[in-house]
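*Asks:* protein.pdb is reproduced in full below (PDB, C-alpha atoms and all ligand atoms).
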```
ATOM      1  CA  MET A   1      80.687  19.112 111.653
ATOM      2  CA  ARG A   2      82.991  21.196 113.774
ATOM      3  CA  VAL A   3      83.974  20.043 117.256
ATOM      4  CA  LEU A   4      85.896  21.811 120.026
ATOM      5  CA  VAL A   5      88.004  19.728 122.429
ATOM      6  CA  VAL A   6      89.077  21.367 125.700
ATOM      7  CA  GLU A   7      91.582  19.162 127.538
ATOM      8  CA  ASP A   8      94.812  20.021 129.351
ATOM      9  CA  ASP A   9      96.406  16.562 129.077
ATOM     10  CA  PRO A  10      98.391  16.876 125.814
ATOM     11  CA  ASP A  11      98.363  13.131 125.059
ATOM     12  CA  LEU A  12      94.641  12.843 125.587
ATOM     13  CA  LEU A  13      94.035  15.990 123.555
ATOM     14  CA  ARG A  14      96.079  14.604 120.663
ATOM     15  CA  LEU A  15      94.309  11.250 120.883
ATOM     16  CA  LEU A  16      90.813  12.764 120.867
ATOM     17  CA  ALA A  17      91.557  15.331 118.167
ATOM     18  CA  GLY A  18      93.127  12.633 115.963
ATOM     19  CA  ALA A  19      90.208  10.238 116.383
ATOM     20  CA  LEU A  20      87.679  12.987 115.636
ATOM     21  CA  LYS A  21      89.576  14.106 112.523
ATOM     22  CA  ASP A  22      89.777  10.511 111.309
ATOM     23  CA  ALA A  23      86.026  10.276 111.781
ATOM     24  CA  GLY A  24      85.486  13.258 109.466
ATOM     25  CA  TYR A  25      85.117  16.152 111.904
ATOM     26  CA  VAL A  26      86.829  19.517 111.869
ATOM     27  CA  VAL A  27      88.529  19.950 115.226
ATOM     28  CA  ASP A  28      89.652  22.982 117.225
ATOM     29  CA  THR A  29      91.517  22.440 120.488
ATOM     30  CA  ALA A  30      92.154  24.372 123.689
ATOM     31  CA  LYS A  31      94.461  23.450 126.564
ATOM     32  CA  ASP A  32      92.956  25.550 129.342
ATOM     33  CA  GLY A  33      89.586  26.832 130.510
ATOM     34  CA  VAL A  34      90.048  30.460 129.464
ATOM     35  CA  GLU A  35      91.033  29.630 125.885
ATOM     36  CA  GLY A  36      88.322  26.965 125.716
ATOM     37  CA  HIS A  37      85.681  29.322 127.018
ATOM     38  CA  HIS A  38      86.670  32.008 124.534
ATOM     39  CA  LEU A  39      86.507  29.652 121.547
ATOM     40  CA  GLY A  40      83.151  28.194 122.588
ATOM     41  CA  ASP A  41      81.838  31.696 123.136
ATOM     42  CA  THR A  42      82.875  33.061 119.760
ATOM     43  CA  GLU A  43      82.907  30.162 117.285
ATOM     44  CA  PRO A  44      79.889  28.133 116.154
ATOM     45  CA  TYR A  45      80.620  24.534 117.206
ATOM     46  CA  ASP A  46      78.349  21.588 116.502
ATOM     47  CA  ALA A  47      79.555  19.858 119.671
ATOM     48  CA  VAL A  48      82.114  20.317 122.451
ATOM     49  CA  ILE A  49      84.164  17.832 124.472
ATOM     50  CA  LEU A  50      85.020  19.519 127.754
ATOM     51  CA  ASP A  51      87.331  18.206 130.448
ATOM     52  CA  LEU A  52      86.269  19.356 133.922
ATOM     53  CA  GLY A  53      89.702  19.558 135.570
ATOM     54  CA  LEU A  54      91.297  22.434 133.655
ATOM     55  CA  PRO A  55      93.885  25.120 134.468
ATOM     56  CA  GLU A  56      92.963  28.850 134.386
ATOM     57  CA  MET A  57      89.214  28.202 134.588
ATOM     58  CA  ASP A  58      87.585  24.891 135.610
ATOM     59  CA  GLY A  59      85.249  23.071 133.220
ATOM     60  CA  ILE A  60      82.088  23.610 135.276
ATOM     61  CA  THR A  61      82.639  27.386 135.277
ATOM     62  CA  VAL A  62      83.329  27.339 131.523
ATOM     63  CA  LEU A  63      80.089  25.461 130.932
ATOM     64  CA  GLU A  64      78.030  27.683 133.230
ATOM     65  CA  LYS A  65      79.319  30.795 131.486
ATOM     66  CA  TRP A  66      78.431  29.396 128.048
ATOM     67  CA  ARG A  67      74.935  28.460 129.110
ATOM     68  CA  LYS A  68      74.363  31.793 130.844
ATOM     69  CA  ALA A  69      75.386  33.517 127.611
ATOM     70  CA  GLY A  70      72.832  31.435 125.697
ATOM     71  CA  ARG A  71      75.290  29.028 124.017
ATOM     72  CA  THR A  72      73.280  25.894 123.348
ATOM     73  CA  MET A  73      75.762  23.598 121.539
ATOM     74  CA  PRO A  74      75.807  20.001 122.851
ATOM     75  CA  VAL A  75      78.544  19.509 125.452
ATOM     76  CA  LEU A  76      80.062  16.165 126.457
ATOM     77  CA  ILE A  77      82.051  16.421 129.697
ATOM     78  CA  LEU A  78      85.024  14.261 130.667
ATOM     79  CA  THR A  79      84.970  13.396 134.358
ATOM     80  CA  ALA A  80      87.342  11.630 136.737
ATOM     81  CA  ARG A  81      86.280   8.038 137.251
ATOM     82  CA  ASP A  82      85.576   8.122 140.980
ATOM     83  CA  ARG A  83      84.020  11.573 141.156
ATOM     84  CA  TRP A  84      80.282  10.892 140.814
ATOM     85  CA  SER A  85      79.576  14.388 142.151
ATOM     86  CA  ASP A  86      81.357  15.830 139.063
ATOM     87  CA  LYS A  87      78.822  14.156 136.822
ATOM     88  CA  VAL A  88      75.946  15.627 138.804
ATOM     89  CA  SER A  89      77.340  19.168 138.879
ATOM     90  CA  GLY A  90      78.325  18.879 135.213
ATOM     91  CA  LEU A  91      74.850  17.831 134.129
ATOM     92  CA  ASP A  92      73.316  20.515 136.346
ATOM     93  CA  ALA A  93      75.609  23.103 134.774
ATOM     94  CA  GLY A  94      74.206  22.235 131.343
ATOM     95  CA  ALA A  95      76.206  19.243 130.057
ATOM     96  CA  ASP A  96      74.333  16.949 127.680
ATOM     97  CA  ASP A  97      76.310  13.815 128.461
ATOM     98  CA  TYR A  98      79.475  12.626 130.182
ATOM     99  CA  VAL A  99      82.226  10.039 129.817
ATOM    100  CA  ALA A 100      84.330   8.988 132.798
ATOM    101  CA  LYS A 101      88.108   8.660 132.440
ATOM    102  CA  PRO A 102      89.705   6.391 131.423
ATOM    103  CA  PHE A 103      87.535   5.833 128.369
ATOM    104  CA  TYR A 104      87.634   4.144 125.000
ATOM    105  CA  THR A 105      87.845   6.663 122.162
ATOM    106  CA  GLU A 106      85.127   4.710 120.357
ATOM    107  CA  GLU A 107      82.715   5.484 123.183
ATOM    108  CA  VAL A 108      83.445   9.205 122.987
ATOM    109  CA  LEU A 109      82.883   9.125 119.207
ATOM    110  CA  ALA A 110      79.598   7.247 119.635
ATOM    111  CA  ARG A 111      78.387   9.745 122.217
ATOM    112  CA  ILE A 112      79.313  12.689 119.974
ATOM    113  CA  ARG A 113      77.401  11.074 117.097
ATOM    114  CA  THR A 114      74.409  10.656 119.401
ATOM    115  CA  LEU A 115      74.523  14.290 120.516
ATOM    116  CA  LEU A 116      74.729  15.517 116.908
ATOM    117  CA  ARG A 117      71.933  13.198 115.866
ATOM    118  CA  ARG A 118      69.703  14.309 118.729
ATOM    119  CA  LYS A 119      70.355  17.971 117.913
ATOM    120  CA  ALA A 120      69.429  17.293 114.279
ATOM    121  CA  GLY A 121      66.341  15.298 115.278
ATOM    122  CA  LEU A 122      67.607  12.190 113.457
ATOM    123  CA  ALA A 123      66.559   8.718 114.610
ATOM    124  CA  SER A 124      69.487   6.772 113.177
ATOM    125  CA  SER A 125      73.167   7.250 112.378
ATOM    126  CA  ASP A 126      72.347   6.713 108.682
ATOM    127  CA  ILE A 127      71.054   9.789 106.901
ATOM    128  CA  GLU A 128      69.034   8.973 103.802
ATOM    129  CA  CYS A 129      67.872  11.127 100.947
ATOM    130  CA  GLY A 130      66.405   9.264  97.980
ATOM    131  CA  PRO A 131      69.153   6.967  96.649
ATOM    132  CA  LEU A 132      71.765   8.689  98.825
ATOM    133  CA  ARG A 133      72.829   7.242 102.171
ATOM    134  CA  ILE A 134      75.322   8.841 104.554
ATOM    135  CA  ASP A 135      76.654   6.418 107.158
ATOM    136  CA  THR A 136      77.876   8.777 109.887
ATOM    137  CA  ARG A 137      79.401   5.920 111.912
ATOM    138  CA  ALA A 138      81.835   4.908 109.196
ATOM    139  CA  ALA A 139      81.884   8.295 107.401
ATOM    140  CA  ARG A 140      80.840   6.496 104.204
ATOM    141  CA  VAL A 141      78.498   7.526 101.433
ATOM    142  CA  THR A 142      76.600   5.337  98.985
ATOM    143  CA  VAL A 143      74.241   6.035  96.089
ATOM    144  CA  ASP A 144      71.889   3.152  95.282
ATOM    145  CA  GLY A 145      74.122   0.995  97.467
ATOM    146  CA  ASN A 146      77.279   1.838  95.515
ATOM    147  CA  PRO A 147      80.081   3.454  97.514
ATOM    148  CA  VAL A 148      81.098   6.978  96.496
ATOM    149  CA  ARG A 149      84.639   8.102  97.280
ATOM    150  CA  LEU A 150      84.706  11.587  98.732
ATOM    151  CA  THR A 151      87.513  13.762 100.033
ATOM    152  CA  SER A 152      87.241  14.635 103.712
ATOM    153  CA  LEU A 153      86.010  18.126 102.880
ATOM    154  CA  GLU A 154      83.379  16.831 100.460
ATOM    155  CA  TYR A 155      82.225  14.389 103.126
ATOM    156  CA  ARG A 156      82.061  17.108 105.773
ATOM    157  CA  LEU A 157      80.005  19.301 103.476
ATOM    158  CA  LEU A 158      77.550  16.520 102.679
ATOM    159  CA  ALA A 159      77.330  15.372 106.311
ATOM    160  CA  TYR A 160      76.629  18.924 107.459
ATOM    161  CA  LEU A 161      73.826  19.316 104.922
ATOM    162  CA  GLY A 162      72.573  15.857 105.961
ATOM    163  CA  HIS A 163      72.388  16.870 109.610
ATOM    164  CA  HIS A 164      70.299  19.866 108.523
ATOM    165  CA  LYS A 165      68.240  18.042 105.914
ATOM    166  CA  GLY A 166      65.392  20.083 104.490
ATOM    167  CA  ARG A 167      66.817  23.357 105.799
ATOM    168  CA  VAL A 168      68.614  25.951 103.705
ATOM    169  CA  VAL A 169      72.228  26.298 104.830
ATOM    170  CA  SER A 170      74.056  29.460 103.798
ATOM    171  CA  ARG A 171      77.575  29.412 102.378
ATOM    172  CA  THR A 172      78.790  31.405 105.370
ATOM    173  CA  GLU A 173      77.379  28.796 107.741
ATOM    174  CA  LEU A 174      79.041  26.021 105.743
ATOM    175  CA  VAL A 175      82.386  27.783 105.863
ATOM    176  CA  GLU A 176      82.067  28.208 109.634
ATOM    177  CA  HIS A 177      81.347  24.525 110.178
ATOM    178  CA  LEU A 178      83.670  22.925 107.619
ATOM    179  CA  TYR A 179      86.949  24.607 108.456
ATOM    180  CA  ASP A 180      88.871  25.027 111.692
ATOM    181  CA  GLN A 181      89.708  28.418 113.183
ATOM    182  CA  ASP A 182      93.130  28.661 111.531
ATOM    183  CA  PHE A 183      91.865  28.120 108.021
ATOM    184  CA  ASP A 184      91.856  31.005 105.578
ATOM    185  CA  ARG A 185      88.176  30.991 104.799
ATOM    186  CA  ASP A 186      86.639  31.861 101.477
ATOM    187  CA  SER A 187      82.964  31.151 100.943
ATOM    188  CA  ASN A 188      83.432  31.100  97.156
ATOM    189  CA  THR A 189      85.270  27.785  97.382
ATOM    190  CA  ILE A 190      82.094  26.192  98.758
ATOM    191  CA  GLU A 191      80.497  26.523  95.331
ATOM    192  CA  VAL A 192      83.393  24.603  93.798
ATOM    193  CA  PHE A 193      83.075  21.809  96.369
ATOM    194  CA  VAL A 194      79.321  21.562  95.896
ATOM    195  CA  GLY A 195      79.906  21.234  92.154
ATOM    196  CA  ARG A 196      82.399  18.393  92.655
ATOM    197  CA  LEU A 197      80.137  16.705  95.144
ATOM    198  CA  ARG A 198      77.171  16.794  92.752
ATOM    199  CA  LYS A 199      79.312  15.293  89.990
ATOM    200  CA  LYS A 200      80.520  12.469  92.252
ATOM    201  CA  LEU A 201      77.077  11.681  93.629
ATOM    202  CA  GLY A 202      75.512  11.724  90.177
ATOM    203  CA  VAL A 203      72.076  12.471  91.632
ATOM    204  CA  SER A 204      70.523  15.836  92.264
ATOM    205  CA  VAL A 205      69.981  15.783  95.990
ATOM    206  CA  ILE A 206      71.756  19.068  96.753
ATOM    207  CA  GLN A 207      69.571  21.971  95.794
ATOM    208  CA  THR A 208      70.768  25.526  95.242
ATOM    209  CA  MET A 209      68.541  28.132  96.824
ATOM    210  CA  ARG A 210      69.487  31.243  94.892
ATOM    211  CA  GLY A 211      71.095  33.888  97.092
ATOM    212  CA  LEU A 212      70.415  31.827 100.209
ATOM    213  CA  GLY A 213      72.558  28.726 100.108
ATOM    214  CA  TYR A 214      72.131  24.984  99.731
ATOM    215  CA  LYS A 215      69.692  22.393 100.894
ATOM    216  CA  LEU A 216      69.708  18.620 100.954
ATOM    217  CA  ALA A 217      66.348  17.466  99.616
ATOM    218  CA  GLU A 218      63.983  16.302 102.351
ATOM    219  CA  ASP A 219      62.916  13.070 100.658
ATOM    220  CA  ALA A 220      63.293  11.002  97.506
ATOM    221  CA  GLY A 221      60.402  12.674  95.683
ATOM    222  CA  GLU A 222      61.845  16.101  96.232
ATOM    223  CA  ALA A 223      65.280  14.838  95.174
ATOM    224  CA  GLU A 224      63.955  13.444  91.893
ATOM    225  CA  SER A 225      61.891  16.489  91.007
ATOM    226  CA  ASP A 226      64.983  18.674  91.366
ATOM    227  CA  GLY A 227      66.239  18.856  87.807
ATOM    228  CA  ALA A 228      68.010  22.200  87.970
ATOM    229  CA  HIS A 229      71.524  20.797  87.667
TER     230      HIS A 229
HETATM  231 CA    CA B   1      92.363  17.642 133.195
END
```
What is this file in structure tokens?
Ligand code: CA

*Replies:*
Amino acid sequence: MRVLVVEDDPDLLRLLAGALKDAGYVVDTAKDGVEGHHLGDTEPYDAVILDLGLPEMDGITVLEKWRKAGRTMPVLILTARDRWSDKVSGLDAGADDYVAKPFYTEEVLARIRTLLRRKAGLASSDIECGPLRIDTRAARVTVDGNPVRLTSLEYRLLAYLGHHKGRVVSRTELVEHLYDQDFDRDSNTIEVFVGRLRKKLGVSVIQTMRGLGYKLAEDAGEAESDGAH
């Protein structure tokens, strides 16, 4: 899952970006409203953390412009503690949730998980598929209850498929959501990572849809009947 953080306070930006990366997300950052708006307008983010008090262009304007342009990604706004009116105008401008400063990073992470879950239509932070379980709170994966050690990229790939369970995800889409904007992207490497992931999981839950992409099986039955690998 790829997240954009727009925050002009360098310490806060570093703190949030670090916590998100540790939690298994790919993170892009912007320090002002113009840069933030541009990134959110051109890159496909799964969620955005947007500070409202920003130089160049304020957060409310950034948000309004995104929504007017049809950008529907979930947006969590950061508001000043005593400015209740910011929360109201933020929500009215199209924010999905807010956190008031100062905040605990854990709360921001929990709210991002909730936004991603809601967008994916998932009821819990655990994504299950047959014997496979993805715990998105701890960024841990188990098969039949046994922990599977994944690299951060393998985890991101699996978590992205998990958040789009039952839907075919193209390699291009995976590349766009697994790497940050500075990464030299090559969709051929996805095939390699899927291969490694399948080997580590030991169960055939990731299906290849020829010419289209990959799909995480919808349920256990579908996972078991998939014997193509
Ligand atoms: Ca600020």

*Asks:* Got a sec to resolve the PyMOL selection byres (((chain A and resi 136) around 12) and not hetatm) on this structure and send the residues as JSON, numbers by chain?

*Replies:* {"A": [1, 23, 24, 25, 109, 110, 112, 113, 114, 116, 117, 122, 124, 125, 126, 127, 128, 133, 134, 135, 137, 138, 139, 140, 141, 142, 155, 156, 158, 159, 160, 162, 163]}

*Asks:* List the neighbours of region 63-71 of chain A out to 12 Å using all atoms listed in the file; skip same-chain residues closer than 3 positions along the sequence, and give me the result as an MDAnalysis selection string.

*Replies:* chainID A and resid 6 33:34 36:52 54 57:60 74:77 89:96

*Asks:* I need the chosen residues saved as an mmCIF file, keeping the file's coordinate frame, with C-alpha atoms.

*Replies:*
```cif
data_model
loop_
_atom_site.group_PDB
_atom_site.id
_atom_site.type_symbol
_atom_site.label_atom_id
_atom_site.label_comp_id
_atom_site.auth_asym_id
_atom_site.auth_seq_id
_atom_site.Cartn_x
_atom_site.Cartn_y
_atom_site.Cartn_z
ATOM 1 C CA VAL A 6 89.077 21.367 125.700
ATOM 2 C CA GLY A 33 89.586 26.832 130.510
ATOM 3 C CA VAL A 34 90.048 30.460 129.464
ATOM 4 C CA GLY A 36 88.322 26.965 125.716
ATOM 5 C CA HIS A 37 85.681 29.322 127.018
ATOM 6 C CA HIS A 38 86.670 32.008 124.534
ATOM 7 C CA LEU A 39 86.507 29.652 121.547
ATOM 8 C CA GLY A 40 83.151 28.194 122.588
ATOM 9 C CA ASP A 41 81.838 31.696 123.136
ATOM 10 C CA THR A 42 82.875 33.061 119.760
ATOM 11 C CA GLU A 43 82.907 30.162 117.285
ATOM 12 C CA PRO A 44 79.889 28.133 116.154
ATOM 13 C CA TYR A 45 80.620 24.534 117.206
ATOM 14 C CA ASP A 46 78.349 21.588 116.502
ATOM 15 C CA ALA A 47 79.555 19.858 119.671
ATOM 16 C CA VAL A 48 82.114 20.317 122.451
ATOM 17 C CA ILE A 49 84.164 17.832 124.472
ATOM 18 C CA LEU A 50 85.020 19.519 127.754
ATOM 19 C CA ASP A 51 87.331 18.206 130.448
ATOM 20 C CA LEU A 52 86.269 19.356 133.922
ATOM 21 C CA LEU A 54 91.297 22.434 133.655
ATOM 22 C CA MET A 57 89.214 28.202 134.588
ATOM 23 C CA ASP A 58 87.585 24.891 135.610
ATOM 24 C CA GLY A 59 85.249 23.071 133.220
ATOM 25 C CA ILE A 60 82.088 23.610 135.276
ATOM 26 C CA PRO A 74 75.807 20.001 122.851
ATOM 27 C CA VAL A 75 78.544 19.509 125.452
ATOM 28 C CA LEU A 76 80.062 16.165 126.457
ATOM 29 C CA ILE A 77 82.051 16.421 129.697
ATOM 30 C CA SER A 89 77.340 19.168 138.879
ATOM 31 C CA GLY A 90 78.325 18.879 135.213
ATOM 32 C CA LEU A 91 74.850 17.831 134.129
ATOM 33 C CA ASP A 92 73.316 20.515 136.346
ATOM 34 C CA ALA A 93 75.609 23.103 134.774
ATOM 35 C CA GLY A 94 74.206 22.235 131.343
ATOM 36 C CA ALA A 95 76.206 19.243 130.057
ATOM 37 C CA ASP A 96 74.333 16.949 127.680
#
```

*Asks:* Restricting the calculation to all atoms listed in the file, which member of A:Asp180, A:Glu56, A:Glu107, A:Asp28 is positioned closest to ligand CA 1 (chain B)?

*Replies:*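 For ligand CA 1 (chain B), the nearest of the candidates is A:Glu56.
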
*Asks:* Between A:Leu78, A:Leu212, A:Met73, A:Val27, which has the minimum distance to ligand CA 1 (chain B) (counting only C-alpha atoms and all ligand atoms)?

*Replies:* A:Leu78

*Asks:* Please report the interatomic distance between CA of Val62 (chain A) and CA of Lys31 (chain A) in Å with one decimal.

*Replies:*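 Computed distance, CA of Val62 (chain A) to CA of Lys31 (chain A), equals 12.8 Å.
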
*Asks:* Just checking: using only C-alpha atoms, which residue out of A:Glu191, A:Asn146, A:Lys21, A:Ser204 ends up closest to Val175 (chain A)?

*Replies:*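 Smallest separation from Val175 (chain A) among the options: A:Glu191.
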
*Asks:* Using all atoms listed in the file, find the one residue out of A:Leu178, A:Asp9, A:Asp144, A:Arg171 that sits nearest to Gly211 (chain A).

*Replies:* A:Arg171

*Asks:* CA of Arg196 (chain A) and CA of Leu150 (chain A) are how many Å apart?

*Replies:*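 Here the two named atoms are 9.4 Å from each other.
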
*Asks:* What is the distance, in Å and to one decimal place, between CA of Pro131 (chain A) and CA of Glu154 (chain A)?

*Replies:* 17.7 Å

*Asks:* From the set A:Arg14, A:Lys87, A:Lys165, A:Lys101, which residue has the shortest atom-to-atom contact distance to ligand CA 1 (chain B), counting all atoms listed in the file?

*Replies:*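 Checking each candidate against ligand CA 1 (chain B), we get A:Lys101 as the closest.
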
*Asks:* Which residues are near Val169 (chain A)? Cut-off 8 Å, only C-alpha atoms, ignore same chain within fewer than 6 positions. Put them as a ChimeraX atom specification.

*Replies:* /A:161,212-215

*Asks:* Nearest residue to Thr105 (chain A) out of A:Leu12, A:Thr29, A:Thr151, A:Val143, using all atoms listed in the file?

*Replies:* A:Leu12

*Asks:* Using all atoms of region 175-179 of chain A that appear in the file, construct an axis-aligned enclosing box with 3 Å of padding on every side and provide its centre coordinates and edge lengths in Å, rounded to one decimal, as AutoDock Vina command-line options.

*Replies:*
```
--center_x 84.1 --center_y 25.6 --center_z 108.0 --size_x 11.6 --size_y 11.3 --size_z 10.3
```
